[in-house]
>>> print(open('work12.txt').read())   # compact mmCIF, C-alpha atoms
# COMPACT_ATOMS: atom_id res chain seq x y z
CA MET A 1 11.62 185.16 -31.07
CA ALA A 2 15.14 184.16 -32.00
CA PRO A 3 16.02 180.48 -31.61
CA ILE A 4 18.02 179.45 -28.55
CA GLN A 5 21.76 179.38 -29.16
CA ILE A 6 24.01 176.99 -27.26
CA PRO A 7 27.80 177.27 -27.59
CA GLY A 8 29.16 174.41 -29.69
CA VAL A 9 25.72 173.45 -31.07
CA ASP A 10 24.82 174.59 -34.59
CA ASN A 11 21.15 173.63 -34.64
CA LEU A 12 19.40 172.74 -31.39
CA SER A 13 16.37 171.21 -33.14
CA LEU A 14 18.61 168.56 -34.71
CA ILE A 15 19.70 167.61 -31.19
CA THR A 16 16.30 167.52 -29.48
CA GLY A 17 14.08 166.50 -32.43
CA PRO A 18 15.48 162.97 -32.81
CA TYR A 19 14.82 162.35 -29.11
CA VAL A 20 11.14 163.12 -29.63
CA LEU A 21 10.81 160.92 -32.73
CA GLY A 22 12.74 158.07 -31.13
CA TYR A 23 10.59 158.13 -28.00
CA MET A 24 7.31 158.24 -29.94
CA TRP A 25 8.15 155.46 -32.40
CA SER A 26 9.63 153.30 -29.66
CA TYR A 27 6.38 153.58 -27.70
CA CYS A 28 4.46 152.57 -30.83
CA LEU A 29 6.62 149.46 -31.23
CA TYR A 30 6.14 148.62 -27.56
CA GLY A 31 2.38 148.77 -28.06
CA MET A 32 2.72 146.43 -31.04
CA LEU A 33 4.79 144.08 -28.88
CA ILE A 34 2.08 143.98 -26.21
CA VAL A 35 -0.44 142.95 -28.86
CA GLN A 36 1.93 140.30 -30.25
CA VAL A 37 2.59 138.82 -26.81
CA TYR A 38 -1.15 138.72 -26.12
CA MET A 39 -1.76 136.95 -29.45
CA TYR A 40 0.98 134.45 -28.62
CA SER A 41 -0.43 133.67 -25.17
CA GLU A 42 -3.91 133.17 -26.63
CA GLN A 43 -2.90 131.10 -29.68
CA PHE A 44 -0.18 128.93 -28.12
CA PRO A 45 -1.05 128.22 -24.48
CA ASN A 46 0.51 124.76 -24.77
CA ASP A 47 3.76 125.87 -26.38
CA ARG A 48 6.99 124.34 -25.11
CA LYS A 49 8.31 125.82 -21.88
CA ALA A 50 11.56 127.10 -23.40
CA LEU A 51 9.70 129.28 -25.91
CA LYS A 52 7.47 130.69 -23.20
CA ILE A 53 10.52 131.59 -21.12
CA LEU A 54 12.07 133.28 -24.16
CA VAL A 55 8.92 135.29 -24.91
CA TRP A 56 8.31 136.51 -21.38
CA SER A 57 11.99 137.22 -20.74
CA LEU A 58 12.10 139.32 -23.89
CA PHE A 59 8.92 141.13 -22.90
CA PHE A 60 10.34 141.83 -19.42
CA LEU A 61 13.56 143.27 -20.87
CA GLU A 62 11.59 145.39 -23.34
CA THR A 63 9.46 146.70 -20.48
CA LEU A 64 12.61 147.52 -18.50
CA PHE A 65 14.04 149.30 -21.56
CA THR A 66 10.83 151.32 -21.94
CA VAL A 67 10.78 152.28 -18.25
CA CYS A 68 14.38 153.54 -18.40
CA MET A 69 13.61 155.36 -21.66
CA THR A 70 10.60 157.03 -20.05
CA ILE A 71 12.72 158.23 -17.12
CA ALA A 72 15.21 159.66 -19.61
CA ALA A 73 12.43 161.39 -21.57
CA TRP A 74 10.95 162.91 -18.40
CA LYS A 75 14.38 164.09 -17.30
CA THR A 76 15.10 165.74 -20.66
CA PHE A 77 11.74 167.36 -21.40
CA GLY A 78 10.19 167.49 -17.94
CA SER A 79 12.01 167.94 -14.65
CA SER A 80 15.21 169.32 -16.23
CA TRP A 81 13.60 171.42 -18.96
CA GLY A 82 15.74 174.49 -19.59
CA ASP A 83 18.92 172.83 -18.32
CA VAL A 84 21.43 172.61 -21.17
CA ASN A 85 23.11 169.56 -19.62
CA ALA A 86 19.84 167.62 -19.86
CA ILE A 87 20.23 167.80 -23.66
CA LEU A 88 24.00 167.55 -24.04
CA VAL A 89 24.71 164.96 -21.31
CA PHE A 90 23.03 161.55 -21.08
CA ASP A 91 21.15 160.89 -17.84
CA TRP A 92 21.94 157.79 -15.73
CA SER A 93 18.77 156.15 -17.11
CA TRP A 94 20.50 155.85 -20.50
CA CYS A 95 23.23 153.62 -19.04
CA PRO A 96 21.48 150.22 -19.41
CA LEU A 97 19.86 150.99 -22.79
CA PRO A 98 22.71 149.97 -25.17
CA ALA A 99 23.33 146.71 -23.29
CA LEU A 100 19.61 145.90 -23.17
CA SER A 101 19.12 146.62 -26.87
CA SER A 102 22.09 144.49 -27.91
CA PHE A 103 21.19 141.66 -25.54
CA MET A 104 17.62 141.48 -26.83
CA GLY A 105 18.94 141.39 -30.38
CA GLY A 106 21.27 138.57 -29.36
CA MET A 107 18.35 136.62 -27.87
CA ALA A 108 16.43 136.88 -31.14
CA GLN A 109 19.48 135.91 -33.19
CA SER A 110 20.15 132.89 -30.96
CA PHE A 111 16.55 131.76 -31.45
CA TYR A 112 16.99 131.89 -35.22
CA ALA A 113 20.32 130.06 -34.90
CA TRP A 114 18.55 127.27 -33.00
CA ARG A 115 15.92 127.08 -35.71
CA ILE A 116 18.62 126.89 -38.39
CA TYR A 117 20.32 124.08 -36.48
CA ARG A 118 17.06 122.11 -36.38
CA MET A 119 16.78 122.44 -40.15
CA SER A 120 20.40 121.98 -41.20
CA LYS A 121 22.13 120.19 -38.30
CA SER A 122 25.15 122.31 -39.25
CA ILE A 123 27.24 123.15 -36.18
CA TRP A 124 29.59 125.31 -38.27
CA LEU A 125 26.81 127.56 -39.58
CA VAL A 126 25.26 127.99 -36.16
CA GLY A 127 28.70 128.55 -34.65
CA LEU A 128 29.36 131.36 -37.15
CA ILE A 129 26.06 133.05 -36.27
CA GLU A 130 26.72 132.76 -32.54
CA LEU A 131 30.30 134.01 -32.96
CA VAL A 132 29.17 137.15 -34.78
CA MET A 133 26.41 137.66 -32.22
CA LEU A 134 28.84 137.38 -29.31
CA MET A 135 31.25 139.76 -31.06
CA GLN A 136 28.65 142.52 -31.36
CA LEU A 137 27.40 141.83 -27.83
CA THR A 138 30.93 142.14 -26.41
CA ALA A 139 31.54 145.39 -28.29
CA THR A 140 28.29 146.82 -26.94
CA PHE A 141 29.04 145.96 -23.31
CA HIS A 142 32.55 147.38 -23.66
CA PHE A 143 31.17 150.61 -25.09
CA ASP A 144 28.45 150.81 -22.44
CA ILE A 145 30.86 150.46 -19.53
CA ALA A 146 33.58 152.71 -20.98
CA TYR A 147 31.28 155.51 -22.14
CA PHE A 148 28.89 155.79 -19.21
CA SER A 149 31.69 155.61 -16.65
CA GLY A 150 33.12 158.74 -18.28
CA SER A 151 31.69 162.15 -19.13
CA ARG A 152 28.49 160.83 -20.80
CA ARG A 153 28.49 163.86 -23.09
CA VAL A 154 26.55 163.36 -26.33
CA LEU A 155 29.37 164.85 -28.40
CA ASP A 156 31.83 162.32 -26.95
CA LEU A 157 29.99 159.41 -28.56
CA TYR A 158 32.17 159.64 -31.67
CA ARG A 159 35.24 158.73 -29.60
CA PHE A 160 33.72 155.24 -29.38
CA SER A 161 32.97 154.89 -33.07
CA ASP A 162 35.00 151.66 -33.34
CA GLU A 163 32.93 149.88 -30.70
CA ILE A 164 29.67 151.22 -32.10
CA THR A 165 30.67 150.18 -35.62
CA VAL A 166 31.46 146.63 -34.49
CA TRP A 167 28.17 146.52 -32.59
CA LEU A 168 25.90 147.68 -35.41
CA ALA A 169 27.81 146.15 -38.34
CA GLY A 170 28.04 142.84 -36.48
CA SER A 171 24.33 142.91 -35.74
CA ALA A 172 23.47 143.60 -39.40
CA ALA A 173 25.90 140.90 -40.61
CA CYS A 174 24.38 138.35 -38.21
CA ASP A 175 20.87 139.19 -39.45
CA LEU A 176 21.93 138.81 -43.08
CA ILE A 177 23.58 135.43 -42.40
CA ILE A 178 20.42 134.23 -40.68
CA THR A 179 18.14 135.47 -43.45
CA VAL A 180 20.21 133.96 -46.26
CA SER A 181 20.57 130.66 -44.38
CA LEU A 182 16.85 130.29 -43.76
CA VAL A 183 15.94 131.20 -47.34
CA VAL A 184 18.46 128.72 -48.79
CA LEU A 185 17.44 125.93 -46.41
CA LEU A 186 13.75 126.42 -47.14
CA HIS A 187 14.37 126.61 -50.88
CA LYS A 188 16.21 123.29 -50.77
CA ARG A 189 13.26 121.68 -48.97
CA LYS A 190 10.74 122.66 -51.62
CA PRO A 191 9.24 119.63 -53.42
CA ALA A 192 10.78 118.97 -56.84
CA SER A 193 7.37 118.75 -58.48
CA HIS A 194 5.11 121.74 -57.92
CA GLY A 195 2.94 122.09 -61.00
CA PRO A 196 -0.72 123.02 -60.86
CA THR A 197 -1.76 119.36 -60.78
CA SER A 198 0.90 118.23 -58.37
CA GLY A 199 -0.04 117.02 -54.91
CA PHE A 200 2.87 119.05 -53.55
CA ARG A 201 1.56 122.40 -54.77
CA SER A 202 0.10 123.46 -51.41
CA THR A 203 3.32 122.50 -49.62
CA THR A 204 5.33 124.55 -52.11
CA ASP A 205 3.02 127.52 -51.63
CA LEU A 206 3.48 127.34 -47.88
CA VAL A 207 7.27 127.15 -48.17
CA ASN A 208 7.23 130.15 -50.53
CA LYS A 209 5.30 132.12 -47.90
CA LEU A 210 7.83 131.12 -45.25
CA ILE A 211 10.69 132.25 -47.52
CA ARG A 212 9.06 135.61 -48.12
CA PHE A 213 8.27 136.06 -44.45
CA ASN A 214 11.87 135.39 -43.38
CA MET A 215 13.22 137.77 -46.01
CA GLU A 216 10.88 140.50 -44.76
CA THR A 217 11.67 140.10 -41.06
CA GLY A 218 15.40 139.67 -41.65
CA MET A 219 15.65 142.77 -43.79
CA ILE A 220 13.83 144.91 -41.21
CA THR A 221 16.43 144.40 -38.50
CA SER A 222 19.37 144.47 -40.94
CA LEU A 223 18.28 147.77 -42.48
CA GLY A 224 17.60 149.19 -39.02
CA ALA A 225 21.15 148.45 -37.83
CA ILE A 226 22.76 149.61 -41.10
CA THR A 227 20.74 152.83 -41.14
CA GLU A 228 21.64 153.61 -37.53
CA LEU A 229 25.34 153.03 -38.27
CA ALA A 230 25.20 155.20 -41.41
CA LEU A 231 23.51 158.06 -39.54
CA PHE A 232 25.99 157.82 -36.67
CA LEU A 233 29.06 157.92 -38.91
CA SER A 234 27.75 160.63 -41.27
CA THR A 235 25.96 162.96 -38.83
CA HIS A 236 27.57 162.21 -35.47
CA GLN A 237 27.27 165.86 -34.40
CA TYR A 238 23.50 165.45 -34.34
CA ASN A 239 21.24 162.82 -32.84
CA PHE A 240 19.57 161.26 -35.89
CA HIS A 241 21.04 157.86 -35.04
CA LEU A 242 19.23 157.86 -31.68
CA ILE A 243 15.91 157.46 -33.51
CA LEU A 244 16.95 154.01 -34.73
CA PHE A 245 18.75 153.20 -31.49
CA LEU A 246 15.57 153.61 -29.44
CA MET A 247 13.69 151.40 -31.93
CA LEU A 248 16.21 148.67 -32.80
CA GLY A 249 15.67 146.39 -29.80
CA LYS A 250 11.90 146.52 -30.29
CA LEU A 251 12.31 145.69 -33.98
CA TYR A 252 14.07 142.47 -32.95
CA SER A 253 11.39 141.66 -30.37
CA ASN A 254 8.50 142.33 -32.74
CA THR A 255 10.00 140.32 -35.60
CA LEU A 256 10.66 137.37 -33.27
CA MET A 257 7.09 137.49 -31.97
CA ALA A 258 5.78 137.79 -35.52
CA THR A 259 7.78 134.67 -36.39
CA LEU A 260 6.25 132.73 -33.51
CA ASN A 261 2.74 133.96 -34.24
CA TYR A 262 3.13 133.16 -37.94
CA ARG A 263 2.85 129.50 -37.03
CA GLU A 264 -0.86 130.29 -37.17
CA PRO A 265 -0.71 131.65 -40.75
CA MET A 266 -4.25 130.81 -41.77
CA ARG A 267 -7.45 132.12 -40.41
CA GLN A 268 -10.85 130.94 -41.52
CA THR A 269 -14.01 132.95 -41.78
CA HIS A 270 -16.98 130.76 -42.68
CA ASP A 271 -15.79 128.82 -45.73
CA VAL A 272 -13.07 131.20 -46.94
CA VAL A 273 -9.44 130.64 -45.96
CA HIS A 274 -7.19 133.69 -45.62
CA THR A 275 -3.43 133.89 -45.34
CA GLN A 276 -1.24 136.67 -44.08
CA SER A 277 2.32 137.85 -44.63
CA ALA A 278 4.55 139.69 -42.19
CA PHE A 279 2.73 142.96 -42.86
CA TRP A 280 -0.38 142.39 -44.95
CA ALA A 281 -3.11 139.86 -45.69
CA ASP A 282 -2.98 138.08 -49.00
CA GLY A 283 -6.75 137.78 -49.21
CA GLU A 284 -8.72 134.69 -50.15
CA VAL A 285 -6.72 131.60 -50.99
CA ASN A 286 -9.28 128.92 -51.56
CA ARG A 287 -12.64 127.86 -50.39
CA ARG A 288 -12.91 124.95 -48.07
CA PRO A 289 -13.39 121.86 -50.20
CA LYS A 290 -16.62 119.92 -49.81
CA PHE A 291 -17.20 116.45 -51.15
CA GLU A 292 -20.65 114.97 -51.75
CA THR A 293 -21.21 111.26 -51.26
CA ASN A 294 -24.30 109.12 -51.77
CA ASP A 295 -25.43 109.14 -48.15
CA HIS A 296 -23.73 112.09 -46.45
CA ARG A 297 -21.62 115.15 -47.07
CA LEU A 298 -17.92 115.05 -46.21
CA ASP A 299 -16.67 118.45 -45.09
CA VAL A 300 -12.87 118.62 -45.19
CA MET A 301 -11.43 121.44 -43.13
CA CYS A 302 -7.69 121.95 -43.61
CA THR A 303 -6.15 124.71 -41.54
CA THR A 304 -3.37 125.01 -44.12
CA GLU A 305 -5.11 123.65 -47.21
CA MET A 306 -2.28 121.20 -47.84
CA THR A 307 -1.52 117.51 -48.06
CA THR A 308 2.09 116.59 -47.46
CA THR A 309 4.33 113.58 -47.56
CA VAL A 310 6.13 112.45 -44.41
CA GLY A 311 9.30 114.21 -45.56
CA ASP A 312 7.52 117.50 -46.15
CA SER A 313 5.85 117.25 -42.76
CA MET A 314 9.21 116.76 -41.10
CA MET A 315 10.51 119.84 -42.90
CA LEU A 316 7.68 121.92 -41.45
CA GLN A 317 8.34 120.46 -38.01
CA ASP A 318 11.97 121.51 -38.35
CA PHE A 319 10.68 125.01 -39.04
CA ASP A 320 8.87 124.79 -35.70
CA THR A 321 5.34 124.39 -36.98
CA HIS A 322 3.04 122.05 -35.10
CA LEU A 323 1.47 119.38 -37.27
CA SER A 324 -1.88 118.03 -36.16
CA VAL A 325 -2.75 114.39 -36.31
CA VAL A 326 -5.55 113.02 -38.41
CA ASP A 327 -8.80 112.91 -36.52
CA ARG A 328 -12.47 112.52 -37.35
CA GLU A 329 -15.54 113.99 -35.76
CA GLU A 330 -19.14 113.08 -36.39
CA ARG A 331 -21.61 115.95 -36.29
CA GLN A 332 -25.02 117.02 -37.55
CA THR A 333 -25.44 119.71 -40.19
CA ASP A 334 -28.08 122.41 -40.11
CA GLU A 335 -30.08 120.37 -42.61
CA GLY A 336 -30.05 117.38 -40.29
CA LYS A 337 -27.71 115.37 -42.50
CA ALA A 338 -24.91 113.33 -41.00
CA ALA A 339 -21.54 114.91 -41.66
CA GLU A 340 -17.96 113.98 -40.91
CA LYS A 341 -15.30 116.61 -40.27
CA VAL A 342 -11.78 115.46 -41.07
CA ARG A 343 -8.63 117.31 -40.02
CA ILE A 344 -5.91 116.08 -42.32
CA VAL A 345 -2.73 118.08 -41.67
CA GLY A 346 -2.58 121.58 -40.29
CA ILE A 347 -0.66 124.10 -38.28
CA GLU A 348 -1.87 124.49 -34.74
>>> encode(input="work12.txt", output="structure tokens")
Amino acid sequence: MAPIQIPGVDNLSLITGPYVLGYMWSYCLYGMLIVQVYMYSEQFPNDRKALKILVWSLFFLETLFTVCMTIAAWKTFGSSWGDVNAILVFDWSWCPLPALSSFMGGMAQSFYAWRIYRMSKSIWLVGLIELVMLMQLTATFHFDIAYFSGSRRVLDLYRFSDEITVWLAGSAACDLIITVSLVVLLHKRKPASHGPTSGFRSTTDLVNKLIRFNMETGMITSLGAITELALFLSTHQYNFHLILFLMLGKLYSNTLMATLNYREPMRQTHDVVHTQSAFWADGEVNRRPKFETNDHRLDVMCTTEMTTTVGDSMMLQDFDTHLSVVDREERQTDEGKAAEKVRIVGIE
């Protein structure tokens, strides 16, 4: 059977195929977001109210985005199957998607700007980030209103290439500024002495993990925006850029949730401490130290395996980690010996 030919369209599969991939991968990211939100609600029930509002507002907007996307998918491949306009003209359910995607990205970028301000106290740096964020947000809303109040034809998207370029390039630039700022600020806070016998070694290791984590999460969203822009400008006659468009907002949401959940970077199984990165587990770090005394065993359980100075602790607080206070708990071991559990400093 010969492939369907539509006047003005060279290859129909390059028009419809990206829709399918974008829908599928966007649903996968939404599933990941549900898991991340569940982990956050379980691990941080006592988190500050502002963060909870941010998380649940972001989740609501992502759910709204997914509902509108599902209506669009049903319209294209379900109720309007066989109608050429369902492929070549965007349905009304596409109208809020660009604004929602850009707004969710702006929420994530503002959160990182707030974190940078807590670490640097630099109004100028935060002002630059917010200025770039507002620029891309304004360009997106202008494009959304102008385009969807017109013909809504897919092939007319290129007429708004200036607005789309400002939107995506501004988003990528904002992400790069945030990533570089966080890496530089964290690097400056690393203890000067970090040799194998130094008491600051564990603090330095933790800061190195935070640097790597921020580079990973920052590059994900930056590459996503840059790739979408490159596909739009180079292959605007097809829909490859829509794959990244349907995913970009959820990339921002998932990276923000990963950042919040990373405040619980260590998990303990029996006496082995594990750490994890943005995407993979690093494996065993160290075994929980035990100290024998003359009359009882002292079992030291450190959720981060680190001892810090007051200055280092303040640095971690600036990075929005929660430092636990020193507390002691008497308990009985399986052997009937008296034991004392001591929490020194950890991340809750």
>>> closest_residue(input="work12.txt", among="A:Ser102, A:Gln109, A:Asn208, A:Ser26", to="Met69 (chain A)", atoms="all atoms listed in the file")
A:Ser26
>>> residues_around(input="work12.txt", residues="Trp94 (chain A)", least_positions_apart="2", cutoff="9 Å", atoms="all atoms listed in the file", output="list in words")
Cys68, Met69, Ile71, Ala72, Phe90, Asp91, Trp92, Pro96, Leu97, Pro98 and Phe148 of chain A
>>> residues_near_point(input="work12.txt", point="(21.3, 130.4, -35.6)", cutoff="12 Å", atoms="only C-alpha atoms", output="JSON, numbers by chain")
{"A": [106, 107, 108, 109, 110, 111, 112, 113, 114, 115, 116, 117, 118, 119, 120, 121, 122, 123, 124, 125, 126, 127, 128, 129, 130, 131, 132, 133, 174, 175, 176, 177, 178, 179, 180, 181, 182]}
>>> residues_around(input="work12.txt", residues="region 236-243 of chain A", least_positions_apart="2", cutoff="8 Å", atoms="only C-alpha atoms", output="number ranges by chain")
A: 14-16, 18-19, 21-23, 155, 157-158, 227-229, 231-234, 245-247
>>> atom_distance(input="work12.txt", atom1="CA of Met257 (chain A)", atom2="CA of Gln36 (chain A)")
6.1 Å
>>> atom_distance(input="work12.txt", atom1="CA of Val20 (chain A)", atom2="CA of Ala73 (chain A)")
8.3 Å
>>> axis_aligned_box(input="work12.txt", around="region 87-91 of chain A", padding_each_side="5 Å", output="AutoDock Vina command-line options")
--center_x 22.5 --center_y 164.3 --center_z -20.9 --size_x 14.5 --size_y 16.9 --size_z 16.2
>>> build_atoms(input="work12.txt", residues="region 93-104 of chain A", atoms="all heavy atoms", output="short mmCIF file (atom, residue, chain, number, x, y, z; two decimals), in the coordinates of the input")
data_model
loop_
_atom_site.label_atom_id
_atom_site.label_comp_id
_atom_site.auth_asym_id
_atom_site.auth_seq_id
_atom_site.Cartn_x
_atom_site.Cartn_y
_atom_site.Cartn_z
N SER A 93 19.74 157.12 -16.60
CA SER A 93 18.77 156.15 -17.11
C SER A 93 19.11 155.65 -18.50
O SER A 93 18.55 154.64 -18.96
CB SER A 93 17.37 156.77 -17.11
OG SER A 93 17.36 158.00 -17.80
N TRP A 94 20.03 156.33 -19.19
CA TRP A 94 20.50 155.85 -20.50
C TRP A 94 21.52 154.72 -20.37
O TRP A 94 21.75 153.99 -21.34
CB TRP A 94 21.13 157.00 -21.29
CG TRP A 94 20.15 157.91 -21.95
CD1 TRP A 94 19.51 158.97 -21.39
CD2 TRP A 94 19.71 157.84 -23.30
NE1 TRP A 94 18.69 159.58 -22.31
CE2 TRP A 94 18.79 158.91 -23.50
CE3 TRP A 94 19.99 157.00 -24.37
CZ2 TRP A 94 18.16 159.13 -24.72
CZ3 TRP A 94 19.36 157.23 -25.59
CH2 TRP A 94 18.46 158.29 -25.75
N CYS A 95 22.12 154.56 -19.19
CA CYS A 95 23.23 153.62 -19.04
C CYS A 95 22.89 152.18 -19.46
O CYS A 95 23.67 151.54 -20.17
CB CYS A 95 23.73 153.65 -17.60
SG CYS A 95 24.44 155.24 -17.11
N PRO A 96 21.74 151.62 -19.03
CA PRO A 96 21.48 150.22 -19.41
C PRO A 96 20.92 150.05 -20.81
O PRO A 96 20.81 148.91 -21.28
CB PRO A 96 20.44 149.78 -18.37
CG PRO A 96 19.71 151.03 -18.00
CD PRO A 96 20.72 152.13 -18.09
N LEU A 97 20.57 151.13 -21.52
CA LEU A 97 19.86 150.99 -22.79
C LEU A 97 20.68 150.30 -23.88
O LEU A 97 20.16 149.41 -24.57
CB LEU A 97 19.35 152.36 -23.26
CG LEU A 97 18.34 153.05 -22.35
CD1 LEU A 97 17.77 154.30 -23.03
CD2 LEU A 97 17.22 152.10 -21.95
N PRO A 98 21.96 150.69 -24.12
CA PRO A 98 22.71 149.97 -25.17
C PRO A 98 22.85 148.48 -24.89
O PRO A 98 22.69 147.65 -25.80
CB PRO A 98 24.07 150.68 -25.17
CG PRO A 98 23.80 152.02 -24.60
CD PRO A 98 22.73 151.82 -23.58
N ALA A 99 23.16 148.12 -23.64
CA ALA A 99 23.33 146.71 -23.29
C ALA A 99 22.01 145.95 -23.45
O ALA A 99 21.99 144.83 -23.97
CB ALA A 99 23.85 146.57 -21.86
N LEU A 100 20.90 146.56 -23.03
CA LEU A 100 19.61 145.90 -23.17
C LEU A 100 19.24 145.70 -24.63
O LEU A 100 18.79 144.63 -25.04
CB LEU A 100 18.52 146.73 -22.47
CG LEU A 100 18.46 146.65 -20.95
CD1 LEU A 100 17.44 147.65 -20.41
CD2 LEU A 100 18.09 145.24 -20.49
N SER A 101 19.45 146.72 -25.45
CA SER A 101 19.12 146.62 -26.87
C SER A 101 19.92 145.53 -27.56
O SER A 101 19.37 144.71 -28.30
CB SER A 101 19.37 147.98 -27.56
OG SER A 101 19.10 147.90 -28.94
N SER A 102 21.23 145.50 -27.29
CA SER A 102 22.09 144.49 -27.91
C SER A 102 21.76 143.09 -27.40
O SER A 102 21.75 142.13 -28.17
CB SER A 102 23.55 144.83 -27.64
OG SER A 102 24.41 143.88 -28.23
N PHE A 103 21.49 142.97 -26.11
CA PHE A 103 21.19 141.66 -25.54
C PHE A 103 19.89 141.10 -26.09
O PHE A 103 19.80 139.90 -26.39
CB PHE A 103 21.12 141.77 -24.01
CG PHE A 103 20.99 140.43 -23.32
CD1 PHE A 103 22.08 139.58 -23.23
CD2 PHE A 103 19.79 140.04 -22.76
CE1 PHE A 103 21.97 138.35 -22.60
CE2 PHE A 103 19.67 138.81 -22.13
CZ PHE A 103 20.76 137.97 -22.05
N MET A 104 18.88 141.95 -26.26
CA MET A 104 17.62 141.48 -26.83
C MET A 104 17.80 141.07 -28.29
O MET A 104 17.21 140.09 -28.75
CB MET A 104 16.55 142.57 -26.70
CG MET A 104 16.08 142.77 -25.28
SD MET A 104 14.75 143.96 -25.09
CE MET A 104 15.61 145.51 -25.47
#
